[in-house]
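**Student:** Could you have a look at this structure, given as structure tokens, before my questions?
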Amino acid sequence: MKGFAFFVFSIVSASVVMADTNGWPFAILRSYGSYEANPKFTEQVFAAQARHAGLFNEIWFGGDGGLDFTAKERGENALKSNLGIRERCHALGIQFSYQQGYTLGHNADMIRRKHVPEDACVVDSAGVRRHGLLCCTSQWTRDYLRETAKEIISRIKPDSFWPDDDLRLCKDNWRRPTICFCPRCLELFSKKVGRKFTREGLMDELVGKKPSAAIRRAWSEFNGEQLGEFAKVYREAVDAVSPKTRLGFQIALSGNVIDGESWRTILEALAGRNGKAGIRPGGLYYMDSKPRELAEKLVMVARESARCGKLPVIGQRCYETENWPHIGAQKNANGQMAECAAALAVGCDSIAFYWGADQNGESADTYDFWLETVAAWRPFHLAVRDAFLNTSLGGIAAYHGSNFFATNGWIWHEEGEMSAIVDMAFPITVTEASPDAYFLNERCVSALGEDDLQKVFSRPVVMSVASFQALARQFPKLGFTKKVRIAGVGRELSLVTTKRTNGYEMFASGLKCANVKALVYPESKDVLTFSKMTVDESACGTCVIPTEFGGKVVLVQEFPNHGPHYGIPGCRRHGMYDALDAATPGKFPVRLLTDGYAIAVWVRKTADGRTAGVFLHNLGLGETQPLELAIRRGASGKWTLSRPKRDDLTAKVIRSAVDEVVLAIPPMGAFETILVH
């Protein structure tokens with residue numbers, strides 16, 4: 001690479017932060033791959049690295065993976081472009097990582113027809129050959145990518161090698177992600193199921209006129225199995241030419257189940273018989289102009305961290321701050337550091353940063369500022385990671401039932417209500433972690449089977465009146481749904497009252513809330529009410545309903561979706577929290593007592609259910625007032641407040657009781673984070 005002729009690196013090793021004891025790095029720099037085309041930018045990047053030695057344990061370089069070349073030609077190019085980089089990284093005590101940018105193909109422009117056999121490419125749902133997408137069941141595909149990986153790895157011997165997240169099948173169409181339907185895949189699937197399938201017949205049972213949950217589940221399992229078989233080529237390549245090289249996978253969106261219900265098969269294949277594999281959750285990005293999108297991204301990261309973290313083959317859960325399309329300095333550096341801290345709070349154990357890109361014309365000063373910001377945040381990032389080791393994420397989790405494959409869409413994307421819950425300072429988690437309560441919207445209800453009822457309703461469950469009515473219709477034999485009578489679901493209350501007057505939900509504080517959807521009439525003495533309706537005080541709007549399974553349902557008016565006018569008034573939030581506390585044994589683990597701010601609250605729990613700590617993230621545009629935070633069943637008798645670029649503080653106790661302490665939290669600036677531990 002021409003650009004590297006300009007550098008002379010100073011060997012600075014004393015301040016280098018070494019990798020964790022398991023050999024996996026904590027802080028990784030992801031570098032954009034256009035260095036050869038822009039030697040000036042390359043000089044700036046590496047000169048800045050020399051000035052800020054010790055920030056990163058690994059540098060992650062990318063390449064296209066050679067899908068337009070023969071394996072031999074690609075190996076030679078990799079040698080020219082990356083061998084010098086590896087040597088300089090090692091001289092600085094930094095590990096060298098390589099990402100193969102394309103595996104099965106991101107799109108139809110990545111692979112040229114000139115050397116790819118016709119039957120190595122997928123067939124989409126319309127029966128069209130997609131020459132930019134390789135079929136994972138093709139022996140040619142497996143042999144070709146194994147030999148390509150061997151050529152690259154044998155020449156540059158990276159410390160770790162990462163196939164890209166396009167090691168997946170769901171690129172036919174995001175609304176119908178069902179490929180591949182080539183004759184080979186159809187034959188293999190027919191053999192697995194014991195029935196002969198045509199493309200048209202299979203499509204009918206997947207997304208067409210004759211949907212079959214059993215065939216959808218079998219298709220998901222089949223795709224996961226075949227991807228796992230394909231992923232073995234990378235393990236074979238490493239074992240053949242560089243056994244010490246670690247393998248990891250940049251995971252695509254965790255909601256995708258077309259490629260298997262998890263990424264387990266791929267990760268086990270990469271790990272091999274006795275090894276470990278890394279994962280990098282964090283696909284897609286949020287913009288500074290829409291900071292609350294981060295909450296939805298973090299839910300997906302939390303799920304992947306919890307789900308894959310339970311696998312014995314996992315060696316690393318590294319958050320990927322993917323800013324694609326890359327906008328570099330147009331994304332706030334401190335905001336990106338806050339994002340990374342939040343990823344550690346929801347379950348990751350390491351971070352892959354992403355900043356510089358040559359096409360943006362970013363100056364050396366800009367890059368230095370970013371590196372200085374990384375350095376300033378390093379102690380806080382480590383504090384978040386260390387405080388939450390061996391803990392799980394608590395809060396409210398959307399429950400995905402056993403009939404999930406029978407629902408429309410059958411893709412796990414977080415519901416809009418879940419992101420709105422974050423804005424209302426309700427901590428959220430995932431079913432794979434350690435939820436304190438479940439959340440059921442109408443889609444979640446439609447996925448429930450009879451075998452889910454005991455598991456779900458033996459615990460606290462939060463539901464809107466609309467989803468509660470859907471549950472009653474779906475399971476008419478449930479006893480607890482008959483403990484209340486609901487009138488006016490889905491309509492404004494003024495339309496269901498005889499006087500046609502505006503109705504309000506009134507709480508114990510005397511405050512009233514509009515946007516009422518229904519009148520809820522208790523029909524059983526064990527129903528606890530937390531509000532009254534102004535038009536009919538025998539009805540309520542928020543209540544707790546004991547179930548025959550041992551848990552309790554928190555029934556609320558609604559959980560709004562993200563939109564131009566979402567969110568709920570503070571009085572309703574407090575009423576919902578009062579009900580949730582009453583439904584949760586020993587109260588909900590954490591509660592932000594102060595109104596008026598979009599504060600994301602992430603709570604971590606110990607193995608015995610104690611509250612290990614809380615991570616607070618102001619998603620608003622400005623500073624808050626001082627806050628009050630209640631922690632229940634705390635694992636510590638003394639609480640510390642850690643903030644980036646500041647000294648730690650001993651938390652001030654406002655009041656305390658048995659298994660509850662209320663702490664004073666200083667005002668939080670825009671997008672600011674605080675670790676309470």
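Naming works like this for the structure tokens: A, B, ... for the chains as they're shown, residue 1 at the start of each chain, ligands 1 onward in shown order.
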Give me the residues within 10 Å of Leu627 of chain A as a list in words, counting only C-alpha atoms and dropping any in the same chain fewer than 2 places off.
**Tutor:**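 Residues near the query, excluding close chain neighbours: Leu592, Leu593, Thr594, Asp595, Tyr597, Thr624, Gln625, Leu629, Leu663, Ala664, Ile665, Pro666, Pro667 and Met668 of chain A.
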**Student:** Skip Ile486 of chain A itself and residues of its chain fewer than 2 positions away, then list as a list in words all residues within 9 Å of it, counting only C-alpha atoms.
**Tutor:**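 With the cut-off at 9 Å, the set is Val465, Gln469, Val484, Gly488, Val489, Ala518, Leu519, Val520, Tyr521 and Pro522 of chain A.
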**Student:** Extract, using only C-alpha atoms, all DNA, RNA and protein residues at most 10 Å from Val553 of chain A, discarding same-chain residues fewer than 2 positions from it, and format them as a ChimeraX atom specification.
**Tutor:** /A:437-439,457-464,468,480-481,527,543-547,551,555-556,579-580,583-584
**Student:** Could you check which of A:Arg264, A:His90, A:Arg604, A:Arg168 is closest to Ser434 of chain A, using only C-alpha atoms?
**Tutor:**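 Once distances to Ser434 of chain A are computed over only C-alpha atoms, the minimum belongs to A:Arg604.
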**Student:** Just the residues within 9 Å of Ala240 of chain A, please, counting only C-alpha atoms, with nothing from its chain fewer than 5 positions along; format it as a list in words.
**Tutor:**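 My reading of the contact set: Lys150, Ser154 and Arg235 of chain A.
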**Student:** Can you work out which one of A:Tyr354, A:Trp639, A:Phe181, A:Phe380 has the shortest atom-to-atom distance to Gly62 of chain A, counting only C-alpha atoms?
**Tutor:**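 Looking only at the distances to Gly62 of chain A, the closest residue turns out to be A:Tyr354.
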**Student:** Give me, as a list in words, all polymer residues having an atom no more than 9 Å from Arg184 of chain A, counting only C-alpha atoms and skipping those fewer than 5 positions away in the same chain.
**Tutor:**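 Within the cut-off, the hits are Asp119, Thr137, Ser138 and Phe189 of chain A.
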**Student:** Which of these residues is nearest to Gln316 of chain A, using only C-alpha atoms: A:Trp24, A:Tyr399, A:Tyr144, A:Trp602?
**Tutor:**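 Among the listed residues, A:Trp24 lies closest to Gln316 of chain A.
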**Student:** State, in Å with one decimal place, the distance from atom CA of Val676 of chain A to atom CA of Leu616 of chain A.
**Tutor:**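 Here the two named atoms are 7.9 Å from each other.
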**Student:** Skipping near chain neighbours, those fewer than 4 positions away, what residues fall within 9 Å of segment 120-127 of chain A using only C-alpha atoms, listed as a list of chain:residue names?
**Tutor:**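 Counting only C-alpha atoms, the residues come to A:Val116, A:His131, A:Gly132, A:Leu133, A:Leu134, A:Cys135, A:Cys136, A:Thr137, A:Ser138, A:Gln139, A:Trp140, A:Thr141, A:Asp172, A:Asn173, A:Arg176, A:Pro177, A:Thr178, A:Ile179, A:Cys180, A:Phe181, A:Cys182, A:Pro183, A:Arg199, A:Glu200, A:Met203.
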**Student:** Export, as an mmCIF file, in the first residue's frame, the selected residues with N, CA, C and O atoms.
**Tutor:**
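Everything below was put into again-v8.cif:
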```cif
data_model
loop_
_atom_site.group_PDB
_atom_site.id
_atom_site.type_symbol
_atom_site.label_atom_id
_atom_site.label_comp_id
_atom_site.auth_asym_id
_atom_site.auth_seq_id
_atom_site.Cartn_x
_atom_site.Cartn_y
_atom_site.Cartn_z
ATOM 1 N N VAL A 116 -18.514 -17.181 -11.956
ATOM 2 C CA VAL A 116 -19.367 -17.839 -10.979
ATOM 3 C C VAL A 116 -20.342 -18.770 -11.708
ATOM 4 O O VAL A 116 -21.124 -18.322 -12.541
ATOM 5 N N HIS A 131 -27.482 -13.130 -9.450
ATOM 6 C CA HIS A 131 -26.062 -13.369 -9.653
ATOM 7 C C HIS A 131 -25.192 -12.632 -8.638
ATOM 8 O O HIS A 131 -23.989 -12.831 -8.605
ATOM 9 N N GLY A 132 -25.754 -11.808 -7.832
ATOM 10 C CA GLY A 132 -24.976 -11.167 -6.785
ATOM 11 C C GLY A 132 -25.084 -11.843 -5.439
ATOM 12 O O GLY A 132 -24.502 -11.385 -4.458
ATOM 13 N N LEU A 133 -25.817 -12.957 -5.373
ATOM 14 C CA LEU A 133 -26.019 -13.644 -4.106
ATOM 15 C C LEU A 133 -25.642 -15.110 -4.273
ATOM 16 O O LEU A 133 -26.216 -15.808 -5.110
ATOM 17 N N LEU A 134 -24.692 -15.572 -3.478
ATOM 18 C CA LEU A 134 -24.231 -16.953 -3.581
ATOM 19 C C LEU A 134 -25.075 -17.873 -2.710
ATOM 20 O O LEU A 134 -25.436 -17.521 -1.584
ATOM 21 N N CYS A 135 -25.356 -19.046 -3.216
ATOM 22 C CA CYS A 135 -26.128 -20.034 -2.468
ATOM 23 C C CYS A 135 -25.209 -20.792 -1.520
ATOM 24 O O CYS A 135 -24.183 -21.336 -1.922
ATOM 25 N N CYS A 136 -25.589 -20.845 -0.257
ATOM 26 C CA CYS A 136 -24.719 -21.467 0.743
ATOM 27 C C CYS A 136 -24.681 -22.981 0.630
ATOM 28 O O CYS A 136 -23.792 -23.622 1.194
ATOM 29 N N THR A 137 -25.633 -23.599 -0.088
ATOM 30 C CA THR A 137 -25.596 -25.050 -0.240
ATOM 31 C C THR A 137 -24.743 -25.487 -1.423
ATOM 32 O O THR A 137 -24.526 -26.681 -1.626
ATOM 33 N N SER A 138 -24.262 -24.535 -2.200
ATOM 34 C CA SER A 138 -23.439 -24.852 -3.369
ATOM 35 C C SER A 138 -22.043 -25.298 -2.939
ATOM 36 O O SER A 138 -21.372 -24.601 -2.166
ATOM 37 N N GLN A 139 -21.578 -26.424 -3.456
ATOM 38 C CA GLN A 139 -20.225 -26.869 -3.160
ATOM 39 C C GLN A 139 -19.195 -25.915 -3.745
ATOM 40 O O GLN A 139 -18.140 -25.698 -3.156
ATOM 41 N N TRP A 140 -19.519 -25.335 -4.905
ATOM 42 C CA TRP A 140 -18.608 -24.341 -5.493
ATOM 43 C C TRP A 140 -18.440 -23.156 -4.552
ATOM 44 O O TRP A 140 -17.323 -22.687 -4.319
ATOM 45 N N THR A 141 -19.565 -22.656 -4.018
ATOM 46 C CA THR A 141 -19.504 -21.521 -3.086
ATOM 47 C C THR A 141 -18.623 -21.858 -1.890
ATOM 48 O O THR A 141 -17.758 -21.066 -1.493
ATOM 49 N N ASP A 172 -33.645 -11.399 -0.404
ATOM 50 C CA ASP A 172 -34.569 -11.415 -1.530
ATOM 51 C C ASP A 172 -35.414 -10.144 -1.492
ATOM 52 O O ASP A 172 -35.466 -9.376 -2.437
ATOM 53 N N ASN A 173 -36.029 -9.930 -0.377
ATOM 54 C CA ASN A 173 -36.851 -8.749 -0.166
ATOM 55 C C ASN A 173 -37.122 -8.691 1.331
ATOM 56 O O ASN A 173 -37.491 -9.693 1.937
ATOM 57 N N ARG A 176 -40.322 -10.096 2.249
ATOM 58 C CA ARG A 176 -40.510 -11.526 1.981
ATOM 59 C C ARG A 176 -39.141 -12.204 1.984
ATOM 60 O O ARG A 176 -38.679 -12.695 0.953
ATOM 61 N N PRO A 177 -38.448 -12.212 3.096
ATOM 62 C CA PRO A 177 -37.061 -12.709 3.123
ATOM 63 C C PRO A 177 -36.996 -14.227 3.161
ATOM 64 O O PRO A 177 -36.896 -14.829 4.217
ATOM 65 N N THR A 178 -37.078 -14.847 1.998
ATOM 66 C CA THR A 178 -37.302 -16.286 1.974
ATOM 67 C C THR A 178 -36.345 -17.071 1.089
ATOM 68 O O THR A 178 -36.547 -18.265 0.883
ATOM 69 N N ILE A 179 -35.328 -16.447 0.479
ATOM 70 C CA ILE A 179 -34.456 -17.180 -0.442
ATOM 71 C C ILE A 179 -33.613 -18.193 0.317
ATOM 72 O O ILE A 179 -33.407 -18.042 1.524
ATOM 73 N N CYS A 180 -33.146 -19.278 -0.316
ATOM 74 C CA CYS A 180 -33.005 -19.517 -1.757
ATOM 75 C C CYS A 180 -33.930 -20.665 -2.194
ATOM 76 O O CYS A 180 -34.161 -21.602 -1.428
ATOM 77 N N PHE A 181 -34.415 -20.597 -3.439
ATOM 78 C CA PHE A 181 -35.323 -21.604 -3.984
ATOM 79 C C PHE A 181 -34.719 -22.307 -5.192
ATOM 80 O O PHE A 181 -35.443 -22.708 -6.102
ATOM 81 N N CYS A 182 -33.401 -22.442 -5.209
ATOM 82 C CA CYS A 182 -32.778 -23.156 -6.316
ATOM 83 C C CYS A 182 -33.140 -24.640 -6.233
ATOM 84 O O CYS A 182 -33.561 -25.133 -5.173
ATOM 85 N N PRO A 183 -33.001 -25.392 -7.328
ATOM 86 C CA PRO A 183 -33.358 -26.818 -7.298
ATOM 87 C C PRO A 183 -32.637 -27.595 -6.206
ATOM 88 O O PRO A 183 -33.225 -28.490 -5.578
ATOM 89 N N ARG A 199 -41.018 -24.523 -5.904
ATOM 90 C CA ARG A 199 -40.848 -23.157 -5.395
ATOM 91 C C ARG A 199 -42.202 -22.527 -5.108
ATOM 92 O O ARG A 199 -42.419 -21.921 -4.046
ATOM 93 N N GLU A 200 -43.146 -22.664 -6.042
ATOM 94 C CA GLU A 200 -44.455 -22.052 -5.869
ATOM 95 C C GLU A 200 -45.204 -22.649 -4.670
ATOM 96 O O GLU A 200 -45.829 -21.922 -3.881
ATOM 97 N N MET A 203 -43.585 -21.398 -1.435
ATOM 98 C CA MET A 203 -43.925 -20.001 -1.184
ATOM 99 C C MET A 203 -45.345 -19.870 -0.644
ATOM 100 O O MET A 203 -45.608 -19.039 0.225
#
```
**Student:** Considering only C-alpha atoms, return as a compact mmCIF listing (two decimals) with C-alpha atoms, in the first residue's frame whatever protein or nucleic-acid residues lie within 9 Å of segment 336-340 of chain A, sequence-local ones (same chain, fewer than 4 positions apart) excluded.
**Tutor:**
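Ended up saving to around_4.txt:
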```
# COMPACT_ATOMS: atom_id res chain seq x y z
CA LEU A 294 -30.66 4.32 19.76
CA LEU A 298 -29.92 -1.34 21.89
CA TYR A 319 -20.59 -3.83 20.13
CA GLU A 320 -20.24 -2.47 16.62
CA THR A 321 -20.82 1.27 16.34
CA LYS A 331 -21.78 12.37 14.24
CA ASN A 332 -20.96 13.80 17.64
CA LEU A 344 -21.80 -2.16 27.52
CA ALA A 345 -24.69 -1.55 29.91
CA SER A 350 -16.12 -4.87 24.37
CA ILE A 351 -16.46 -2.09 21.78
CA ALA A 352 -15.56 -1.64 18.11
CA PHE A 353 -15.37 2.09 17.36
CA THR A 373 -12.59 11.83 23.26
CA VAL A 374 -12.04 8.06 23.20
CA TRP A 377 -14.18 8.09 28.03
CA HIS A 381 -16.34 2.46 29.57
CA HIS A 617 -29.01 7.89 29.63
CA PRO A 644 -17.47 10.18 31.94
CA PHE A 671 -27.34 12.69 25.90
CA GLU A 672 -25.36 12.37 29.14
CA THR A 673 -24.89 9.03 30.89
```
**Student:** Report the residues of segment 396-494 of chain A whose backbone DSSP state falls under helix (DSSP H, G or I), written as a compact mmCIF listing (two decimals) with N, CA and C atoms, in the first residue's frame.
**Tutor:**
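And here's part-v2.txt as it stands now:
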```
# COMPACT_ATOMS: atom_id res chain seq x y z
N PHE A 404 -45.06 -18.16 17.26
CA PHE A 404 -44.50 -17.03 16.54
C PHE A 404 -44.52 -17.24 15.02
N PHE A 405 -44.26 -18.46 14.59
CA PHE A 405 -44.21 -18.73 13.16
C PHE A 405 -45.59 -18.70 12.52
N ALA A 406 -46.63 -18.64 13.32
CA ALA A 406 -47.98 -18.56 12.77
C ALA A 406 -48.43 -17.12 12.55
N GLY A 416 -42.95 -0.86 18.18
CA GLY A 416 -42.79 0.56 18.46
C GLY A 416 -43.07 0.91 19.90
N GLU A 417 -43.99 0.18 20.52
CA GLU A 417 -44.30 0.46 21.92
C GLU A 417 -43.08 0.28 22.82
N MET A 418 -42.20 -0.66 22.48
CA MET A 418 -41.05 -0.90 23.34
C MET A 418 -40.12 0.31 23.38
N SER A 419 -39.93 0.95 22.24
CA SER A 419 -39.11 2.16 22.22
C SER A 419 -39.77 3.28 23.00
N ALA A 420 -41.10 3.37 22.90
CA ALA A 420 -41.81 4.39 23.66
C ALA A 420 -41.71 4.14 25.16
N ILE A 421 -41.66 2.86 25.56
CA ILE A 421 -41.50 2.53 26.97
C ILE A 421 -40.19 3.09 27.50
N VAL A 422 -39.14 3.02 26.69
CA VAL A 422 -37.85 3.58 27.10
C VAL A 422 -37.98 5.07 27.37
N ASP A 423 -38.66 5.78 26.50
CA ASP A 423 -38.83 7.22 26.68
C ASP A 423 -39.54 7.54 27.98
N GLU A 442 -50.72 -6.53 20.85
CA GLU A 442 -51.62 -7.42 20.13
C GLU A 442 -50.86 -8.44 19.28
N ARG A 443 -49.72 -8.03 18.73
CA ARG A 443 -48.94 -8.97 17.94
C ARG A 443 -48.35 -10.07 18.84
N CYS A 444 -47.87 -9.67 20.02
CA CYS A 444 -47.35 -10.66 20.96
C CYS A 444 -48.44 -11.64 21.38
N VAL A 445 -49.65 -11.13 21.61
CA VAL A 445 -50.77 -12.00 21.99
C VAL A 445 -51.04 -13.02 20.90
N SER A 446 -51.02 -12.59 19.64
CA SER A 446 -51.34 -13.50 18.54
C SER A 446 -50.34 -14.64 18.43
N GLU A 450 -51.07 -22.27 23.95
CA GLU A 450 -51.54 -22.74 25.25
C GLU A 450 -50.38 -23.03 26.19
N ASP A 451 -49.25 -23.50 25.62
CA ASP A 451 -48.11 -23.85 26.47
C ASP A 451 -47.35 -22.64 26.96
N ASP A 452 -47.69 -21.44 26.46
CA ASP A 452 -47.03 -20.21 26.93
C ASP A 452 -47.72 -19.62 28.15
N LEU A 453 -48.97 -19.94 28.36
CA LEU A 453 -49.78 -19.22 29.35
C LEU A 453 -49.20 -19.32 30.75
N GLN A 454 -48.80 -20.50 31.18
CA GLN A 454 -48.24 -20.66 32.53
C GLN A 454 -46.97 -19.84 32.68
N LYS A 455 -46.08 -19.91 31.70
CA LYS A 455 -44.81 -19.19 31.79
C LYS A 455 -45.03 -17.68 31.86
N VAL A 456 -45.90 -17.18 31.01
CA VAL A 456 -46.09 -15.73 30.93
C VAL A 456 -46.85 -15.21 32.13
N PHE A 457 -47.99 -15.80 32.43
CA PHE A 457 -48.90 -15.22 33.43
C PHE A 457 -48.62 -15.68 34.85
N VAL A 465 -55.48 -2.14 27.14
CA VAL A 465 -56.83 -2.68 27.09
C VAL A 465 -57.08 -3.39 25.75
N ALA A 466 -56.50 -2.89 24.67
CA ALA A 466 -56.69 -3.51 23.36
C ALA A 466 -56.07 -4.90 23.31
N SER A 467 -54.83 -5.06 23.82
CA SER A 467 -54.20 -6.37 23.79
C SER A 467 -54.88 -7.32 24.78
N PHE A 468 -55.42 -6.79 25.88
CA PHE A 468 -56.14 -7.62 26.85
C PHE A 468 -57.42 -8.18 26.23
N GLN A 469 -58.12 -7.37 25.47
CA GLN A 469 -59.31 -7.83 24.77
C GLN A 469 -58.96 -8.89 23.72
N ALA A 470 -57.85 -8.69 23.03
CA ALA A 470 -57.41 -9.68 22.04
C ALA A 470 -57.09 -11.01 22.73
N LEU A 471 -56.49 -10.95 23.92
CA LEU A 471 -56.18 -12.16 24.68
C LEU A 471 -57.46 -12.89 25.07
N ALA A 472 -58.46 -12.14 25.52
CA ALA A 472 -59.72 -12.76 25.93
C ALA A 472 -60.40 -13.45 24.76
N ARG A 473 -60.31 -12.87 23.58
CA ARG A 473 -60.91 -13.50 22.40
C ARG A 473 -60.15 -14.75 21.99
N GLN A 474 -58.84 -14.71 22.10
CA GLN A 474 -58.01 -15.83 21.66
C GLN A 474 -58.08 -17.02 22.62
N PHE A 480 -58.93 -15.08 34.41
CA PHE A 480 -58.64 -13.72 34.86
C PHE A 480 -59.15 -12.65 33.89
N THR A 481 -59.36 -13.01 32.63
CA THR A 481 -59.88 -12.01 31.69
C THR A 481 -61.33 -11.66 31.99
N LYS A 482 -61.98 -12.49 32.78
CA LYS A 482 -63.38 -12.24 33.15
C LYS A 482 -63.50 -11.44 34.44
N LYS A 483 -62.37 -11.09 35.04
CA LYS A 483 -62.40 -10.32 36.29
C LYS A 483 -62.65 -8.84 36.07
N LEU A 493 -63.21 8.05 24.80
CA LEU A 493 -64.25 7.79 25.80
C LEU A 493 -65.49 8.65 25.56
N SER A 494 -65.29 9.84 25.01
CA SER A 494 -66.44 10.73 24.79
C SER A 494 -67.47 10.10 23.85
```
**Student:** From the DSSP assignment of the backbone, select every residue of segment 464-601 of chain A that is strand (DSSP E), and format the answer as a short mmCIF file (atom, residue, chain, number, x, y, z; two decimals) with N, CA, C and O atoms, in the first residue's frame.
**Tutor:**
```cif
data_model
loop_
_atom_site.label_atom_id
_atom_site.label_comp_id
_atom_site.auth_asym_id
_atom_site.auth_seq_id
_atom_site.Cartn_x
_atom_site.Cartn_y
_atom_site.Cartn_z
N SER A 464 -52.07 -3.37 27.36
CA SER A 464 -53.06 -2.33 27.11
C SER A 464 -54.44 -2.96 27.07
O SER A 464 -54.59 -4.19 26.96
N VAL A 484 -62.63 -8.41 34.81
CA VAL A 484 -62.97 -7.03 34.47
C VAL A 484 -63.86 -7.03 33.24
O VAL A 484 -63.84 -7.97 32.44
N ARG A 485 -64.63 -5.98 33.12
CA ARG A 485 -65.44 -5.75 31.91
C ARG A 485 -64.95 -4.45 31.28
O ARG A 485 -64.78 -3.44 31.95
N ILE A 486 -64.70 -4.49 29.97
CA ILE A 486 -64.11 -3.35 29.28
C ILE A 486 -65.10 -2.82 28.26
O ILE A 486 -65.67 -3.57 27.48
N ALA A 487 -65.27 -1.50 28.25
CA ALA A 487 -66.15 -0.85 27.29
C ALA A 487 -65.37 0.22 26.53
O ALA A 487 -64.61 0.98 27.12
N GLU A 505 -59.05 10.11 32.90
CA GLU A 505 -58.59 9.16 33.90
C GLU A 505 -57.99 9.96 35.05
O GLU A 505 -57.07 10.77 34.84
N MET A 506 -58.50 9.78 36.28
CA MET A 506 -58.07 10.57 37.42
C MET A 506 -57.33 9.67 38.41
O MET A 506 -57.81 8.60 38.78
N LYS A 512 -55.45 14.57 36.24
CA LYS A 512 -56.28 13.91 35.24
C LYS A 512 -55.51 13.73 33.94
O LYS A 512 -54.67 14.54 33.58
N CYS A 513 -55.85 12.65 33.23
CA CYS A 513 -55.19 12.34 31.97
C CYS A 513 -56.24 12.10 30.90
O CYS A 513 -57.17 11.31 31.09
N LEU A 519 -63.33 2.26 29.35
CA LEU A 519 -63.77 2.14 30.74
C LEU A 519 -63.53 0.71 31.19
O LEU A 519 -63.95 -0.23 30.51
N VAL A 520 -62.87 0.54 32.33
CA VAL A 520 -62.58 -0.79 32.85
C VAL A 520 -63.36 -0.96 34.14
O VAL A 520 -63.14 -0.23 35.12
N TYR A 521 -64.28 -1.94 34.16
CA TYR A 521 -65.14 -2.18 35.32
C TYR A 521 -64.65 -3.43 36.06
O TYR A 521 -64.73 -4.54 35.51
N PRO A 522 -64.16 -3.29 37.29
CA PRO A 522 -63.77 -4.49 38.05
C PRO A 522 -64.98 -5.37 38.33
O PRO A 522 -66.04 -4.89 38.75
N LEU A 528 -57.15 -4.69 41.88
CA LEU A 528 -56.70 -3.44 42.49
C LEU A 528 -56.77 -2.32 41.47
O LEU A 528 -56.25 -2.45 40.36
N THR A 529 -57.40 -1.22 41.83
CA THR A 529 -57.53 -0.09 40.91
C THR A 529 -56.59 1.04 41.31
O THR A 529 -56.33 1.26 42.49
N LYS A 532 -59.59 6.40 38.62
CA LYS A 532 -61.03 6.39 38.40
C LYS A 532 -61.34 7.18 37.14
O LYS A 532 -60.55 8.02 36.71
N MET A 533 -62.51 6.93 36.56
CA MET A 533 -62.95 7.66 35.39
C MET A 533 -63.90 8.78 35.81
O MET A 533 -64.84 8.55 36.58
N CYS A 543 -55.31 -0.81 36.38
CA CYS A 543 -55.59 -1.74 37.46
C CYS A 543 -54.64 -2.93 37.41
O CYS A 543 -53.91 -3.12 36.44
N VAL A 544 -54.67 -3.73 38.48
CA VAL A 544 -53.88 -4.96 38.56
C VAL A 544 -54.84 -6.12 38.74
O VAL A 544 -55.68 -6.11 39.65
N ILE A 545 -54.70 -7.14 37.89
CA ILE A 545 -55.61 -8.28 37.88
C ILE A 545 -54.83 -9.55 38.21
O ILE A 545 -53.96 -9.97 37.43
N PRO A 546 -55.09 -10.20 39.33
CA PRO A 546 -54.43 -11.48 39.63
C PRO A 546 -54.87 -12.56 38.63
O PRO A 546 -56.03 -12.60 38.21
N LYS A 552 -49.66 -11.46 37.96
CA LYS A 552 -50.64 -10.39 37.90
C LYS A 552 -50.48 -9.59 36.61
O LYS A 552 -49.37 -9.37 36.15
N VAL A 553 -51.61 -9.17 36.06
CA VAL A 553 -51.62 -8.35 34.86
C VAL A 553 -51.77 -6.89 35.25
O VAL A 553 -52.68 -6.54 36.01
N VAL A 554 -50.88 -6.06 34.76
CA VAL A 554 -51.00 -4.61 34.90
C VAL A 554 -51.73 -4.11 33.66
O VAL A 554 -51.18 -4.12 32.55
N LEU A 555 -52.96 -3.73 33.81
CA LEU A 555 -53.79 -3.29 32.69
C LEU A 555 -53.77 -1.76 32.61
O LEU A 555 -54.14 -1.08 33.58
N VAL A 556 -53.34 -1.24 31.48
CA VAL A 556 -53.22 0.21 31.28
C VAL A 556 -54.01 0.60 30.04
O VAL A 556 -54.41 -0.25 29.24
N VAL A 590 -36.30 -0.89 39.93
CA VAL A 590 -35.83 0.49 39.85
C VAL A 590 -36.97 1.38 39.38
O VAL A 590 -37.85 0.94 38.63
N ARG A 591 -36.96 2.64 39.85
CA ARG A 591 -38.01 3.56 39.43
C ARG A 591 -37.47 4.98 39.45
O ARG A 591 -36.98 5.46 40.48
N LEU A 592 -37.54 5.64 38.31
CA LEU A 592 -37.19 7.05 38.25
C LEU A 592 -38.39 7.85 38.75
O LEU A 592 -39.48 7.80 38.17
N ILE A 599 -35.59 9.69 29.87
CA ILE A 599 -34.39 9.08 30.43
C ILE A 599 -34.47 7.57 30.19
O ILE A 599 -35.39 6.92 30.68
N ALA A 600 -33.52 7.03 29.42
CA ALA A 600 -33.45 5.58 29.28
C ALA A 600 -32.84 5.01 30.56
O ALA A 600 -31.81 5.49 31.03
N VAL A 601 -33.50 4.01 31.12
CA VAL A 601 -33.07 3.39 32.37
C VAL A 601 -32.79 1.91 32.07
O VAL A 601 -33.69 1.17 31.68
#
```
**Student:** Nearest to Leu649 of chain A: which of A:Ala630, A:Thr391, A:Gly105, A:His677 is it, counting only C-alpha atoms?
**Tutor:** A:His677
**Student:** Between A:Trp162, A:Phe230, A:Phe249, A:Tyr98, single out the one closest to Ser31 of chain A, counting only C-alpha atoms.
**Tutor:**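 Using only C-alpha atoms, Ser31 of chain A sits closest to A:Tyr98.
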